[in-house]
Structures are given as C-alpha cells and as structure tokens.
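What follows is query.txt (compact mmCIF, N, CA and C atoms).
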```txt
# COMPACT_ATOMS: atom_id res chain seq x y z
N MET H 1 4.96 37.44 17.45
CA MET H 1 3.90 36.87 16.63
C MET H 1 4.03 35.35 16.66
N ALA H 2 3.02 34.70 17.18
CA ALA H 2 3.02 33.25 17.28
C ALA H 2 2.58 32.63 15.95
N ILE H 3 3.20 31.54 15.61
CA ILE H 3 2.84 30.82 14.39
C ILE H 3 1.78 29.78 14.76
N ASP H 4 0.67 29.81 14.05
CA ASP H 4 -0.39 28.82 14.28
C ASP H 4 -0.14 27.64 13.34
N LEU H 5 0.72 26.72 13.81
CA LEU H 5 1.14 25.59 12.98
C LEU H 5 -0.04 24.71 12.58
N ALA H 6 -0.98 24.51 13.47
CA ALA H 6 -2.14 23.68 13.14
C ALA H 6 -2.91 24.26 11.95
N ARG H 7 -3.08 25.57 11.93
CA ARG H 7 -3.81 26.21 10.82
C ARG H 7 -3.02 26.10 9.52
N ILE H 8 -1.71 26.26 9.61
CA ILE H 8 -0.85 26.14 8.43
C ILE H 8 -0.96 24.73 7.85
N LEU H 9 -0.84 23.71 8.71
CA LEU H 9 -0.94 22.32 8.24
C LEU H 9 -2.31 22.02 7.67
N ALA H 10 -3.36 22.56 8.28
CA ALA H 10 -4.71 22.35 7.77
C ALA H 10 -4.87 22.94 6.37
N ASN H 11 -4.17 24.03 6.10
CA ASN H 11 -4.23 24.65 4.78
C ASN H 11 -3.34 23.94 3.77
N VAL H 12 -2.26 23.33 4.24
CA VAL H 12 -1.33 22.62 3.35
C VAL H 12 -1.88 21.26 2.94
N ALA H 13 -2.59 20.59 3.84
CA ALA H 13 -3.07 19.22 3.59
C ALA H 13 -3.83 19.09 2.26
N PRO H 14 -4.81 19.96 1.96
CA PRO H 14 -5.52 19.79 0.68
C PRO H 14 -4.60 19.93 -0.55
N THR H 15 -3.59 20.78 -0.45
CA THR H 15 -2.65 20.95 -1.56
C THR H 15 -1.83 19.68 -1.76
N VAL H 16 -1.31 19.12 -0.67
CA VAL H 16 -0.52 17.89 -0.74
C VAL H 16 -1.38 16.75 -1.26
N GLU H 17 -2.59 16.63 -0.72
CA GLU H 17 -3.51 15.57 -1.18
C GLU H 17 -3.78 15.71 -2.67
N GLY H 18 -4.03 16.92 -3.14
CA GLY H 18 -4.33 17.15 -4.56
C GLY H 18 -3.17 16.85 -5.48
N MET H 19 -1.95 16.94 -4.97
CA MET H 19 -0.76 16.68 -5.78
C MET H 19 -0.35 15.20 -5.76
N LEU H 20 -0.61 14.49 -4.65
CA LEU H 20 -0.12 13.13 -4.49
C LEU H 20 -1.18 12.05 -4.57
N LEU H 21 -2.36 12.32 -4.05
CA LEU H 21 -3.37 11.28 -3.93
C LEU H 21 -4.27 11.29 -5.17
N LEU H 22 -3.74 10.73 -6.26
CA LEU H 22 -4.41 10.79 -7.55
C LEU H 22 -5.10 9.50 -7.94
N ASP H 23 -4.79 8.41 -7.26
CA ASP H 23 -5.32 7.10 -7.62
C ASP H 23 -6.33 6.63 -6.58
N THR H 24 -6.94 5.48 -6.85
CA THR H 24 -7.89 4.90 -5.90
C THR H 24 -7.27 3.64 -5.32
N VAL H 25 -7.22 3.58 -3.99
CA VAL H 25 -6.67 2.42 -3.30
C VAL H 25 -7.74 1.85 -2.36
N ARG H 26 -7.61 0.56 -2.09
CA ARG H 26 -8.53 -0.11 -1.17
C ARG H 26 -7.72 -0.73 -0.05
N PHE H 27 -8.13 -0.48 1.18
CA PHE H 27 -7.56 -1.13 2.35
C PHE H 27 -8.62 -2.10 2.84
N ALA H 28 -8.25 -3.37 2.98
CA ALA H 28 -9.21 -4.38 3.43
C ALA H 28 -8.55 -5.27 4.48
N ALA H 29 -9.38 -5.75 5.38
CA ALA H 29 -8.90 -6.72 6.38
C ALA H 29 -8.48 -7.98 5.63
N PRO H 30 -7.48 -8.70 6.15
CA PRO H 30 -7.09 -9.94 5.48
C PRO H 30 -8.22 -10.95 5.52
N GLY H 31 -8.41 -11.64 4.41
CA GLY H 31 -9.45 -12.67 4.33
C GLY H 31 -8.84 -14.04 4.54
N GLY H 32 -9.30 -14.99 3.78
CA GLY H 32 -8.80 -16.36 3.89
C GLY H 32 -7.55 -16.58 3.06
N PRO H 33 -7.35 -17.81 2.60
CA PRO H 33 -6.16 -18.13 1.80
C PRO H 33 -6.21 -17.46 0.42
N PRO H 34 -5.06 -17.39 -0.28
CA PRO H 34 -5.04 -16.79 -1.62
C PRO H 34 -6.02 -17.50 -2.55
N VAL H 35 -6.54 -16.73 -3.51
CA VAL H 35 -7.53 -17.24 -4.46
C VAL H 35 -6.95 -17.08 -5.87
N PHE H 36 -7.08 -18.14 -6.69
CA PHE H 36 -6.59 -18.08 -8.07
C PHE H 36 -7.56 -17.26 -8.91
N ASN H 37 -7.04 -16.27 -9.63
CA ASN H 37 -7.83 -15.45 -10.52
C ASN H 37 -7.56 -15.92 -11.95
N PRO H 38 -8.53 -16.60 -12.59
CA PRO H 38 -8.29 -17.13 -13.94
C PRO H 38 -8.09 -16.03 -14.98
N ASP H 39 -8.58 -14.82 -14.71
CA ASP H 39 -8.40 -13.72 -15.67
C ASP H 39 -6.95 -13.26 -15.74
N THR H 40 -6.27 -13.27 -14.59
CA THR H 40 -4.88 -12.82 -14.55
C THR H 40 -3.90 -13.99 -14.53
N GLY H 41 -4.40 -15.18 -14.18
CA GLY H 41 -3.52 -16.33 -14.06
C GLY H 41 -2.65 -16.29 -12.82
N GLN H 42 -3.05 -15.48 -11.85
CA GLN H 42 -2.25 -15.33 -10.65
C GLN H 42 -3.10 -15.53 -9.40
N TYR H 43 -2.41 -15.85 -8.30
CA TYR H 43 -3.08 -15.95 -7.02
C TYR H 43 -3.16 -14.55 -6.41
N GLU H 44 -4.28 -14.25 -5.79
CA GLU H 44 -4.48 -12.96 -5.17
C GLU H 44 -4.87 -13.17 -3.72
N ALA H 45 -4.38 -12.29 -2.87
CA ALA H 45 -4.76 -12.37 -1.46
C ALA H 45 -6.26 -12.11 -1.36
N SER H 46 -6.94 -12.93 -0.60
CA SER H 46 -8.38 -12.72 -0.47
C SER H 46 -8.61 -11.64 0.58
N GLU H 47 -9.54 -10.76 0.27
CA GLU H 47 -9.82 -9.63 1.12
C GLU H 47 -11.02 -9.90 1.99
N GLY H 48 -10.97 -9.35 3.19
CA GLY H 48 -12.11 -9.36 4.09
C GLY H 48 -12.87 -8.05 3.94
N ALA H 49 -13.35 -7.54 5.03
CA ALA H 49 -14.13 -6.30 5.02
C ALA H 49 -13.28 -5.13 4.53
N VAL H 50 -13.88 -4.29 3.68
CA VAL H 50 -13.20 -3.10 3.17
C VAL H 50 -13.18 -2.05 4.29
N LEU H 51 -11.99 -1.58 4.60
CA LEU H 51 -11.81 -0.59 5.65
C LEU H 51 -11.77 0.82 5.10
N TYR H 52 -11.27 0.95 3.87
CA TYR H 52 -11.16 2.25 3.20
C TYR H 52 -11.04 2.01 1.72
N GLU H 53 -11.74 2.79 0.93
CA GLU H 53 -11.53 2.82 -0.51
C GLU H 53 -11.71 4.26 -0.94
N GLY H 54 -10.66 4.81 -1.49
CA GLY H 54 -10.70 6.21 -1.89
C GLY H 54 -9.36 6.66 -2.41
N LEU H 55 -9.17 7.98 -2.40
CA LEU H 55 -7.95 8.56 -2.93
C LEU H 55 -6.72 8.06 -2.19
N GLY H 56 -5.66 7.83 -2.95
CA GLY H 56 -4.42 7.38 -2.34
C GLY H 56 -3.34 7.21 -3.40
N ALA H 57 -2.22 6.69 -2.97
CA ALA H 57 -1.10 6.42 -3.86
C ALA H 57 -0.26 5.31 -3.25
N VAL H 58 0.40 4.54 -4.11
CA VAL H 58 1.37 3.54 -3.67
C VAL H 58 2.65 3.83 -4.44
N GLN H 59 3.75 3.97 -3.70
CA GLN H 59 5.03 4.30 -4.30
C GLN H 59 6.12 3.43 -3.67
N PRO H 60 7.21 3.18 -4.43
CA PRO H 60 8.34 2.48 -3.81
C PRO H 60 8.86 3.30 -2.64
N GLY H 61 9.33 2.60 -1.61
CA GLY H 61 9.89 3.28 -0.45
C GLY H 61 11.25 3.85 -0.76
N SER H 62 11.85 4.48 0.22
CA SER H 62 13.14 5.14 0.00
C SER H 62 14.32 4.19 0.02
N ALA H 63 14.16 3.03 0.64
CA ALA H 63 15.27 2.06 0.66
C ALA H 63 15.38 1.40 -0.70
N SER H 64 16.58 1.21 -1.16
CA SER H 64 16.75 0.60 -2.48
C SER H 64 16.92 -0.91 -2.35
N GLY H 65 16.54 -1.62 -3.39
CA GLY H 65 16.72 -3.06 -3.43
C GLY H 65 15.65 -3.81 -2.67
N VAL H 66 15.84 -5.10 -2.58
CA VAL H 66 14.91 -5.97 -1.87
C VAL H 66 15.70 -6.85 -0.92
N ALA H 67 15.05 -7.31 0.11
CA ALA H 67 15.68 -8.21 1.07
C ALA H 67 15.16 -9.62 0.81
N SER H 68 16.05 -10.58 0.80
CA SER H 68 15.66 -11.96 0.55
C SER H 68 15.28 -12.67 1.83
N ILE H 69 14.33 -13.56 1.72
CA ILE H 69 13.92 -14.40 2.83
C ILE H 69 14.36 -15.82 2.51
N PRO H 70 15.25 -16.41 3.31
CA PRO H 70 15.71 -17.77 3.00
C PRO H 70 14.59 -18.79 3.14
N VAL H 71 14.64 -19.80 2.28
CA VAL H 71 13.66 -20.89 2.31
C VAL H 71 14.42 -22.15 2.70
N VAL H 72 13.96 -22.79 3.75
CA VAL H 72 14.63 -23.98 4.26
C VAL H 72 14.69 -25.06 3.19
N GLY H 73 15.88 -25.66 3.02
CA GLY H 73 16.04 -26.77 2.08
C GLY H 73 16.31 -26.35 0.65
N GLN H 74 16.39 -25.05 0.37
CA GLN H 74 16.68 -24.61 -0.99
C GLN H 74 17.96 -23.78 -0.98
N PRO H 75 18.79 -23.95 -2.01
CA PRO H 75 20.06 -23.23 -2.05
C PRO H 75 19.90 -21.76 -2.46
N TRP H 76 18.72 -21.33 -2.78
CA TRP H 76 18.48 -19.94 -3.17
C TRP H 76 17.21 -19.46 -2.48
N THR H 77 16.96 -18.21 -2.58
CA THR H 77 15.74 -17.67 -1.99
C THR H 77 14.72 -17.47 -3.10
N ASN H 78 13.48 -17.79 -2.82
CA ASN H 78 12.44 -17.60 -3.84
C ASN H 78 11.40 -16.59 -3.40
N GLU H 79 11.65 -15.91 -2.33
CA GLU H 79 10.71 -14.91 -1.83
C GLU H 79 11.52 -13.69 -1.41
N THR H 80 11.03 -12.53 -1.70
CA THR H 80 11.70 -11.31 -1.30
C THR H 80 10.72 -10.41 -0.56
N THR H 81 11.25 -9.47 0.18
CA THR H 81 10.41 -8.43 0.75
C THR H 81 10.71 -7.15 -0.01
N SER H 82 9.73 -6.32 -0.17
CA SER H 82 9.90 -5.09 -0.92
C SER H 82 9.40 -3.92 -0.09
N ASN H 83 10.00 -2.78 -0.32
CA ASN H 83 9.72 -1.60 0.47
C ASN H 83 8.84 -0.64 -0.33
N TYR H 84 7.56 -0.56 0.03
CA TYR H 84 6.62 0.36 -0.60
C TYR H 84 5.93 1.18 0.48
N LYS H 85 5.34 2.29 0.08
CA LYS H 85 4.56 3.13 0.99
C LYS H 85 3.21 3.43 0.34
N ALA H 86 2.17 3.39 1.16
CA ALA H 86 0.85 3.84 0.72
C ALA H 86 0.59 5.19 1.37
N TYR H 87 0.01 6.09 0.60
CA TYR H 87 -0.32 7.42 1.09
C TYR H 87 -1.83 7.61 0.97
N THR H 88 -2.45 8.05 2.05
CA THR H 88 -3.89 8.30 2.08
C THR H 88 -4.14 9.58 2.86
N PRO H 89 -5.35 10.14 2.74
CA PRO H 89 -5.66 11.34 3.54
C PRO H 89 -5.67 10.99 5.03
N LEU H 90 -5.50 12.00 5.86
CA LEU H 90 -5.56 11.79 7.31
C LEU H 90 -6.93 11.29 7.76
N THR H 91 -7.94 11.50 6.94
CA THR H 91 -9.29 11.03 7.28
C THR H 91 -9.45 9.53 7.08
N ALA H 92 -8.50 8.91 6.36
CA ALA H 92 -8.55 7.45 6.16
C ALA H 92 -8.21 6.78 7.49
N PRO H 93 -8.77 5.60 7.73
CA PRO H 93 -8.45 4.92 8.99
C PRO H 93 -7.00 4.43 9.03
N ILE H 94 -6.50 4.25 10.22
CA ILE H 94 -5.17 3.68 10.40
C ILE H 94 -5.24 2.21 10.04
N ALA H 95 -4.37 1.80 9.15
CA ALA H 95 -4.35 0.39 8.73
C ALA H 95 -3.63 -0.44 9.78
N ALA H 96 -4.21 -1.56 10.14
CA ALA H 96 -3.56 -2.49 11.06
C ALA H 96 -2.53 -3.31 10.30
N ARG H 97 -1.64 -3.93 11.03
CA ARG H 97 -0.68 -4.85 10.43
C ARG H 97 -1.44 -5.93 9.65
N ASP H 98 -0.93 -6.30 8.48
CA ASP H 98 -1.49 -7.32 7.59
C ASP H 98 -2.71 -6.86 6.80
N THR H 99 -3.10 -5.59 6.90
CA THR H 99 -4.15 -5.06 6.04
C THR H 99 -3.72 -5.24 4.59
N ILE H 100 -4.65 -5.66 3.72
CA ILE H 100 -4.36 -5.85 2.30
C ILE H 100 -4.66 -4.54 1.57
N VAL H 101 -3.67 -4.03 0.85
CA VAL H 101 -3.82 -2.78 0.10
C VAL H 101 -3.79 -3.13 -1.39
N THR H 102 -4.82 -2.69 -2.10
CA THR H 102 -4.95 -2.97 -3.53
C THR H 102 -5.12 -1.65 -4.28
N VAL H 103 -4.43 -1.50 -5.40
CA VAL H 103 -4.66 -0.35 -6.27
C VAL H 103 -5.88 -0.69 -7.12
N VAL H 104 -6.92 0.11 -7.00
CA VAL H 104 -8.19 -0.13 -7.70
C VAL H 104 -8.24 0.59 -9.04
N ALA H 105 -7.71 1.81 -9.09
CA ALA H 105 -7.71 2.60 -10.32
C ALA H 105 -6.55 3.59 -10.27
N VAL H 106 -6.02 3.94 -11.44
CA VAL H 106 -4.96 4.93 -11.52
C VAL H 106 -5.43 6.12 -12.34
N HIS H 107 -4.82 7.26 -12.09
CA HIS H 107 -5.16 8.49 -12.80
C HIS H 107 -4.75 8.38 -14.27
N GLU H 108 -5.31 9.25 -15.09
CA GLU H 108 -4.97 9.27 -16.51
C GLU H 108 -3.47 9.51 -16.66
N GLY H 109 -2.83 8.63 -17.41
CA GLY H 109 -1.39 8.73 -17.59
C GLY H 109 -0.60 7.98 -16.53
N GLY H 110 -1.30 7.42 -15.54
CA GLY H 110 -0.64 6.66 -14.48
C GLY H 110 -0.26 5.27 -14.96
N ASP H 111 0.43 4.53 -14.12
CA ASP H 111 0.90 3.19 -14.46
C ASP H 111 -0.23 2.18 -14.29
N ALA H 112 -0.89 1.83 -15.38
CA ALA H 112 -2.04 0.93 -15.35
C ALA H 112 -1.68 -0.47 -14.88
N THR H 113 -0.40 -0.84 -14.92
CA THR H 113 -0.01 -2.18 -14.46
C THR H 113 -0.14 -2.31 -12.95
N LEU H 114 -0.34 -1.22 -12.25
CA LEU H 114 -0.53 -1.28 -10.79
C LEU H 114 -1.94 -1.72 -10.41
N VAL H 115 -2.89 -1.56 -11.30
CA VAL H 115 -4.28 -1.92 -10.98
C VAL H 115 -4.35 -3.41 -10.67
N GLY H 116 -4.87 -3.73 -9.51
CA GLY H 116 -5.01 -5.11 -9.08
C GLY H 116 -3.84 -5.63 -8.26
N ARG H 117 -2.70 -4.94 -8.30
CA ARG H 117 -1.56 -5.40 -7.48
C ARG H 117 -1.87 -5.21 -6.01
N GLN H 118 -1.30 -6.06 -5.19
CA GLN H 118 -1.62 -6.04 -3.77
C GLN H 118 -0.36 -5.99 -2.91
N TRP H 119 -0.53 -5.36 -1.77
CA TRP H 119 0.53 -5.24 -0.78
C TRP H 119 -0.06 -5.56 0.59
N ARG H 120 0.81 -5.89 1.52
CA ARG H 120 0.39 -6.16 2.91
C ARG H 120 1.04 -5.11 3.80
N ALA H 121 0.25 -4.50 4.70
CA ALA H 121 0.79 -3.52 5.63
C ALA H 121 1.75 -4.21 6.59
N ASN H 122 2.96 -3.68 6.70
CA ASN H 122 3.96 -4.23 7.61
C ASN H 122 3.67 -3.89 9.06
N ASP H 123 3.18 -2.70 9.28
CA ASP H 123 2.93 -2.17 10.62
C ASP H 123 1.69 -1.28 10.54
N PRO H 124 1.15 -0.89 11.67
CA PRO H 124 0.06 0.09 11.62
C PRO H 124 0.53 1.36 10.91
N SER H 125 -0.41 2.07 10.30
CA SER H 125 -0.08 3.32 9.62
C SER H 125 0.66 4.26 10.57
N GLN H 126 1.58 5.00 9.99
CA GLN H 126 2.32 5.98 10.78
C GLN H 126 1.41 7.16 11.09
N GLY H 127 1.63 7.75 12.21
CA GLY H 127 0.87 8.93 12.59
C GLY H 127 1.79 9.93 13.25
N GLY H 128 1.35 11.15 13.28
CA GLY H 128 2.13 12.19 13.94
C GLY H 128 1.29 13.42 14.12
N THR H 129 1.65 14.24 15.06
CA THR H 129 0.85 15.44 15.32
C THR H 129 1.03 16.51 14.26
N LEU H 130 2.04 16.36 13.41
CA LEU H 130 2.28 17.36 12.37
C LEU H 130 2.10 16.80 10.96
N GLY H 131 1.35 15.73 10.82
CA GLY H 131 1.17 15.12 9.51
C GLY H 131 0.18 15.85 8.63
N VAL H 132 0.34 15.67 7.32
CA VAL H 132 -0.64 16.20 6.37
C VAL H 132 -1.24 15.08 5.52
N ILE H 133 -0.58 13.91 5.47
CA ILE H 133 -1.14 12.71 4.86
C ILE H 133 -0.74 11.52 5.71
N ARG H 134 -1.48 10.41 5.58
CA ARG H 134 -1.18 9.20 6.34
C ARG H 134 -0.26 8.31 5.50
N VAL H 135 0.75 7.72 6.13
CA VAL H 135 1.74 6.88 5.46
C VAL H 135 1.68 5.48 6.06
N THR H 136 1.62 4.47 5.19
CA THR H 136 1.58 3.08 5.63
C THR H 136 2.69 2.32 4.93
N SER H 137 3.54 1.64 5.68
CA SER H 137 4.63 0.83 5.10
C SER H 137 4.04 -0.48 4.57
N LEU H 138 4.49 -0.86 3.38
CA LEU H 138 3.92 -2.04 2.70
C LEU H 138 5.01 -2.99 2.23
N ASP H 139 4.60 -4.25 2.07
CA ASP H 139 5.41 -5.28 1.42
C ASP H 139 4.55 -5.87 0.31
N GLN H 140 5.06 -5.89 -0.91
CA GLN H 140 4.27 -6.40 -2.02
C GLN H 140 3.99 -7.88 -1.82
N ILE H 141 2.75 -8.28 -2.10
CA ILE H 141 2.37 -9.68 -2.02
C ILE H 141 2.86 -10.36 -3.29
N GLN H 142 3.64 -11.41 -3.11
CA GLN H 142 4.22 -12.12 -4.25
C GLN H 142 3.10 -12.80 -5.04
N GLN H 143 3.20 -12.74 -6.35
CA GLN H 143 2.18 -13.28 -7.23
C GLN H 143 2.64 -14.58 -7.86
N GLY H 144 1.68 -15.43 -8.18
CA GLY H 144 1.96 -16.60 -9.00
C GLY H 144 2.35 -17.86 -8.26
N SER H 145 2.74 -17.77 -6.99
CA SER H 145 3.23 -18.96 -6.30
C SER H 145 2.15 -19.65 -5.48
N GLY H 146 1.00 -18.97 -5.32
CA GLY H 146 -0.03 -19.51 -4.46
C GLY H 146 0.19 -19.14 -3.01
N GLU H 147 1.28 -18.46 -2.75
CA GLU H 147 1.59 -18.00 -1.40
C GLU H 147 1.29 -16.53 -1.32
N ALA H 148 0.68 -16.10 -0.24
CA ALA H 148 0.47 -14.65 -0.07
C ALA H 148 1.28 -14.16 1.08
```

Can you give me the file's structure in the form of structure tokens?
Amino acid sequence: MAIDLARILANVAPTVEGMLLLDTVRFAAPGGPPVFNPDTGQYEASEGAVLYEGLGAVQPGSASGVASIPVVGQPWTNETTSNYKAYTPLTAPIAARDTIVTVVAVHEGGDATLVGRQWRANDPSQGGTLGVIRVTSLDQIQQGSGEA
C-alpha cells in the first residue's frame, strides 16, 4: 500500500494554518528611507508595493539571544540582530530579501504590542516539497534611532 504523501500534506495544511495563522501580516517591498510616525514617536521603515496581506504569524526564532553588530568608533554596540520567523500560507508569495513584514492585526487575546512592529526578511522565504506553511526568516527593524 503506497502512501500518498501529497494528499496527506494537502489535508494537513488547513489544520496547521487554522492553528497557527491567526493574525494579519503584511509583506511589502522596501520603500524609501525611514519615516517618523508622530503617533508612535518612532521611525518606521517605509513600505513600497504590498506583496501580501493576509493570515500569518510572527514568532521568535529557535535561536536564543541576539547578536550584536559593532559600530565603528563606539566602545559598545547599539544595534542588534534578532531571530524571528514569519509564517504564511503556501499560497502567499515568496518574500524576497529585505521585504518589510508588518503585523497589521492580532487575534483576540493576542499580543497587541506587535501591531505596527516591523521586520526585514533576511533571505527569500524557505520552500520545500513537503511544506504545509511558508516560513520566512526575519530580523526586527530597530525603532527610535532613525535607522532601519
């Protein structure tokens, strides 16, 4: 008896999506320089064309901690990289490197402080022949410094 793995994955995908993809995320092409938002008092990465807006999730990645990026002429680092992952349905487009990911809305009971936060795609979205959701590696865009 042969196992029809494609059919099994096709049946599993809606279940996984229904359990994980509870929030609304936006993937947009990078725009121009950061823009100051007077409502939040922070600089936000400016977005270009919206590539995807729909169900998704943003979660911390599996690696713990953050990596520091040295700044020339300063005895300490003022910028870090962070390990996050975005999850979207397989029907969402593959995000290119530097795509801006923004949490637009969270589910009831979700972390409302994520709304408006932005991340930059480190690499194109991961893909595989046995996937049930699309995974994109992210680095959080630092807020408040005017640097994106």

Tell me which protein, DNA and RNA residues are within 5 Å of stretch 121-138 of chain H, counting all atoms listed in the file, leaving out same-chain ones fewer than 4 positions away, and put them as a ChimeraX atom specification. /H:13,84-90,94-99

Suppose we keep N, CA and C atoms; can you now write the selection as a compact mmCIF listing (two decimals), in the coordinates of the input?
```
# COMPACT_ATOMS: atom_id res chain seq x y z
N ALA H 13 -2.59 20.59 3.84
CA ALA H 13 -3.07 19.22 3.59
C ALA H 13 -3.83 19.09 2.26
N TYR H 84 7.56 -0.56 0.03
CA TYR H 84 6.62 0.36 -0.60
C TYR H 84 5.93 1.18 0.48
N LYS H 85 5.34 2.29 0.08
CA LYS H 85 4.56 3.13 0.99
C LYS H 85 3.21 3.43 0.34
N ALA H 86 2.17 3.39 1.16
CA ALA H 86 0.85 3.84 0.72
C ALA H 86 0.59 5.19 1.37
N TYR H 87 0.01 6.09 0.60
CA TYR H 87 -0.32 7.42 1.09
C TYR H 87 -1.83 7.61 0.97
N THR H 88 -2.45 8.05 2.05
CA THR H 88 -3.89 8.30 2.08
C THR H 88 -4.14 9.58 2.86
N PRO H 89 -5.35 10.14 2.74
CA PRO H 89 -5.66 11.34 3.54
C PRO H 89 -5.67 10.99 5.03
N LEU H 90 -5.50 12.00 5.86
CA LEU H 90 -5.56 11.79 7.31
C LEU H 90 -6.93 11.29 7.76
N ILE H 94 -6.50 4.25 10.22
CA ILE H 94 -5.17 3.68 10.40
C ILE H 94 -5.24 2.21 10.04
N ALA H 95 -4.37 1.80 9.15
CA ALA H 95 -4.35 0.39 8.73
C ALA H 95 -3.63 -0.44 9.78
N ALA H 96 -4.21 -1.56 10.14
CA ALA H 96 -3.56 -2.49 11.06
C ALA H 96 -2.53 -3.31 10.30
N ARG H 97 -1.64 -3.93 11.03
CA ARG H 97 -0.68 -4.85 10.43
C ARG H 97 -1.44 -5.93 9.65
N ASP H 98 -0.93 -6.30 8.48
CA ASP H 98 -1.49 -7.32 7.59
C ASP H 98 -2.71 -6.86 6.80
N THR H 99 -3.10 -5.59 6.90
CA THR H 99 -4.15 -5.06 6.04
C THR H 99 -3.72 -5.24 4.59
```

How far is it from atom CA of H:Ala29 to atom N of H:Ser46, in Å with one decimal?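 These two atoms are separated by 9.5 Å.
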
Test item: residues at most 6 Å from H:Gln140, all atoms listed in the file, excluding those fewer than 3 positions along its chain, as a list in words: Thr81, Ser82, Asn83, Tyr84, Gln118, Trp119 and Arg120 of chain H

DSSP strand (DSSP E or B) residues within stretch 7-131 of chain H, as a PyMOL selection string: chain H and resi 23-30+35-37+42-44+47-60+67-69+79-81+84-88+100-105+118-121+126

Give as a list of chain:residue names each residue that has an atom at most 7 Å from (-8.8, 3.1, 4.0) in the file, counting only N, CA and C atoms. H:Val25, H:Arg26, H:Phe27, H:Ala28, H:Val50, H:Leu51, H:Tyr52, H:Glu53, H:Gly54, H:Ala92, H:Pro93, H:Ile94, H:Ala95

Which residue is closest to H:Pro30? Choose from H:Ala49, H:Ala57, H:Val115, H:Ala10 and count only N, CA and C atoms.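 Comparing H:Ala49, H:Ala57, H:Val115, H:Ala10 against H:Pro30, the winner is H:Ala49.
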
One decimal, Å: what's the distance from atom CA of H:Pro34 over to atom CA of H:Gln142, could you say? 10.7 Å

Go through H:Glu47, H:Gln59, H:Leu114, H:Ile3 and flag the residue nearest H:Pro33, using all atoms listed in the file for the distances.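 Comparing H:Glu47, H:Gln59, H:Leu114, H:Ile3 against H:Pro33, the winner is H:Glu47.
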
For a quick check of your reading of the model, name the residues lying within 12 Å of the coordinate (-3.4, -4.4, -14.5), counting only C-alpha atoms, and write them as a list in words.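 Using only C-alpha atoms, the matching residues come out as Asp39, Thr40, Gly41, Gln42, Thr102, Val103, Val104, Ala105, Val106, Gly110, Asp111, Ala112, Thr113, Leu114, Val115, Gly116, Arg117 and Gln118 of chain H.
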
Coordinates-based distance that separates atom CA of H:Gly18 from atom N of H:Ala6 (Å, one decimal):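 Taking atom N of H:Ala6 as the start and atom CA of H:Gly18 as the end point, the length is 19.8 Å.
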
Residues of chain H in alpha helix (DSSP H), written as number ranges by chain: H: 5-20

Residues just named, written with N, CA and C atoms as a short mmCIF file (atom, residue, chain, number, x, y, z; two decimals), in the frame of the given file:
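So result15.cif came out as:
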```cif
data_model
loop_
_atom_site.label_atom_id
_atom_site.label_comp_id
_atom_site.auth_asym_id
_atom_site.auth_seq_id
_atom_site.Cartn_x
_atom_site.Cartn_y
_atom_site.Cartn_z
N LEU H 5 0.72 26.72 13.81
CA LEU H 5 1.14 25.59 12.98
C LEU H 5 -0.04 24.71 12.58
N ALA H 6 -0.98 24.51 13.47
CA ALA H 6 -2.14 23.68 13.14
C ALA H 6 -2.91 24.26 11.95
N ARG H 7 -3.08 25.57 11.93
CA ARG H 7 -3.81 26.21 10.82
C ARG H 7 -3.02 26.10 9.52
N ILE H 8 -1.71 26.26 9.61
CA ILE H 8 -0.85 26.14 8.43
C ILE H 8 -0.96 24.73 7.85
N LEU H 9 -0.84 23.71 8.71
CA LEU H 9 -0.94 22.32 8.24
C LEU H 9 -2.31 22.02 7.67
N ALA H 10 -3.36 22.56 8.28
CA ALA H 10 -4.71 22.35 7.77
C ALA H 10 -4.87 22.94 6.37
N ASN H 11 -4.17 24.03 6.10
CA ASN H 11 -4.23 24.65 4.78
C ASN H 11 -3.34 23.94 3.77
N VAL H 12 -2.26 23.33 4.24
CA VAL H 12 -1.33 22.62 3.35
C VAL H 12 -1.88 21.26 2.94
N ALA H 13 -2.59 20.59 3.84
CA ALA H 13 -3.07 19.22 3.59
C ALA H 13 -3.83 19.09 2.26
N PRO H 14 -4.81 19.96 1.96
CA PRO H 14 -5.52 19.79 0.68
C PRO H 14 -4.60 19.93 -0.55
N THR H 15 -3.59 20.78 -0.45
CA THR H 15 -2.65 20.95 -1.56
C THR H 15 -1.83 19.68 -1.76
N VAL H 16 -1.31 19.12 -0.67
CA VAL H 16 -0.52 17.89 -0.74
C VAL H 16 -1.38 16.75 -1.26
N GLU H 17 -2.59 16.63 -0.72
CA GLU H 17 -3.51 15.57 -1.18
C GLU H 17 -3.78 15.71 -2.67
N GLY H 18 -4.03 16.92 -3.14
CA GLY H 18 -4.33 17.15 -4.56
C GLY H 18 -3.17 16.85 -5.48
N MET H 19 -1.95 16.94 -4.97
CA MET H 19 -0.76 16.68 -5.78
C MET H 19 -0.35 15.20 -5.76
N LEU H 20 -0.61 14.49 -4.65
CA LEU H 20 -0.12 13.13 -4.49
C LEU H 20 -1.18 12.05 -4.57
#
```
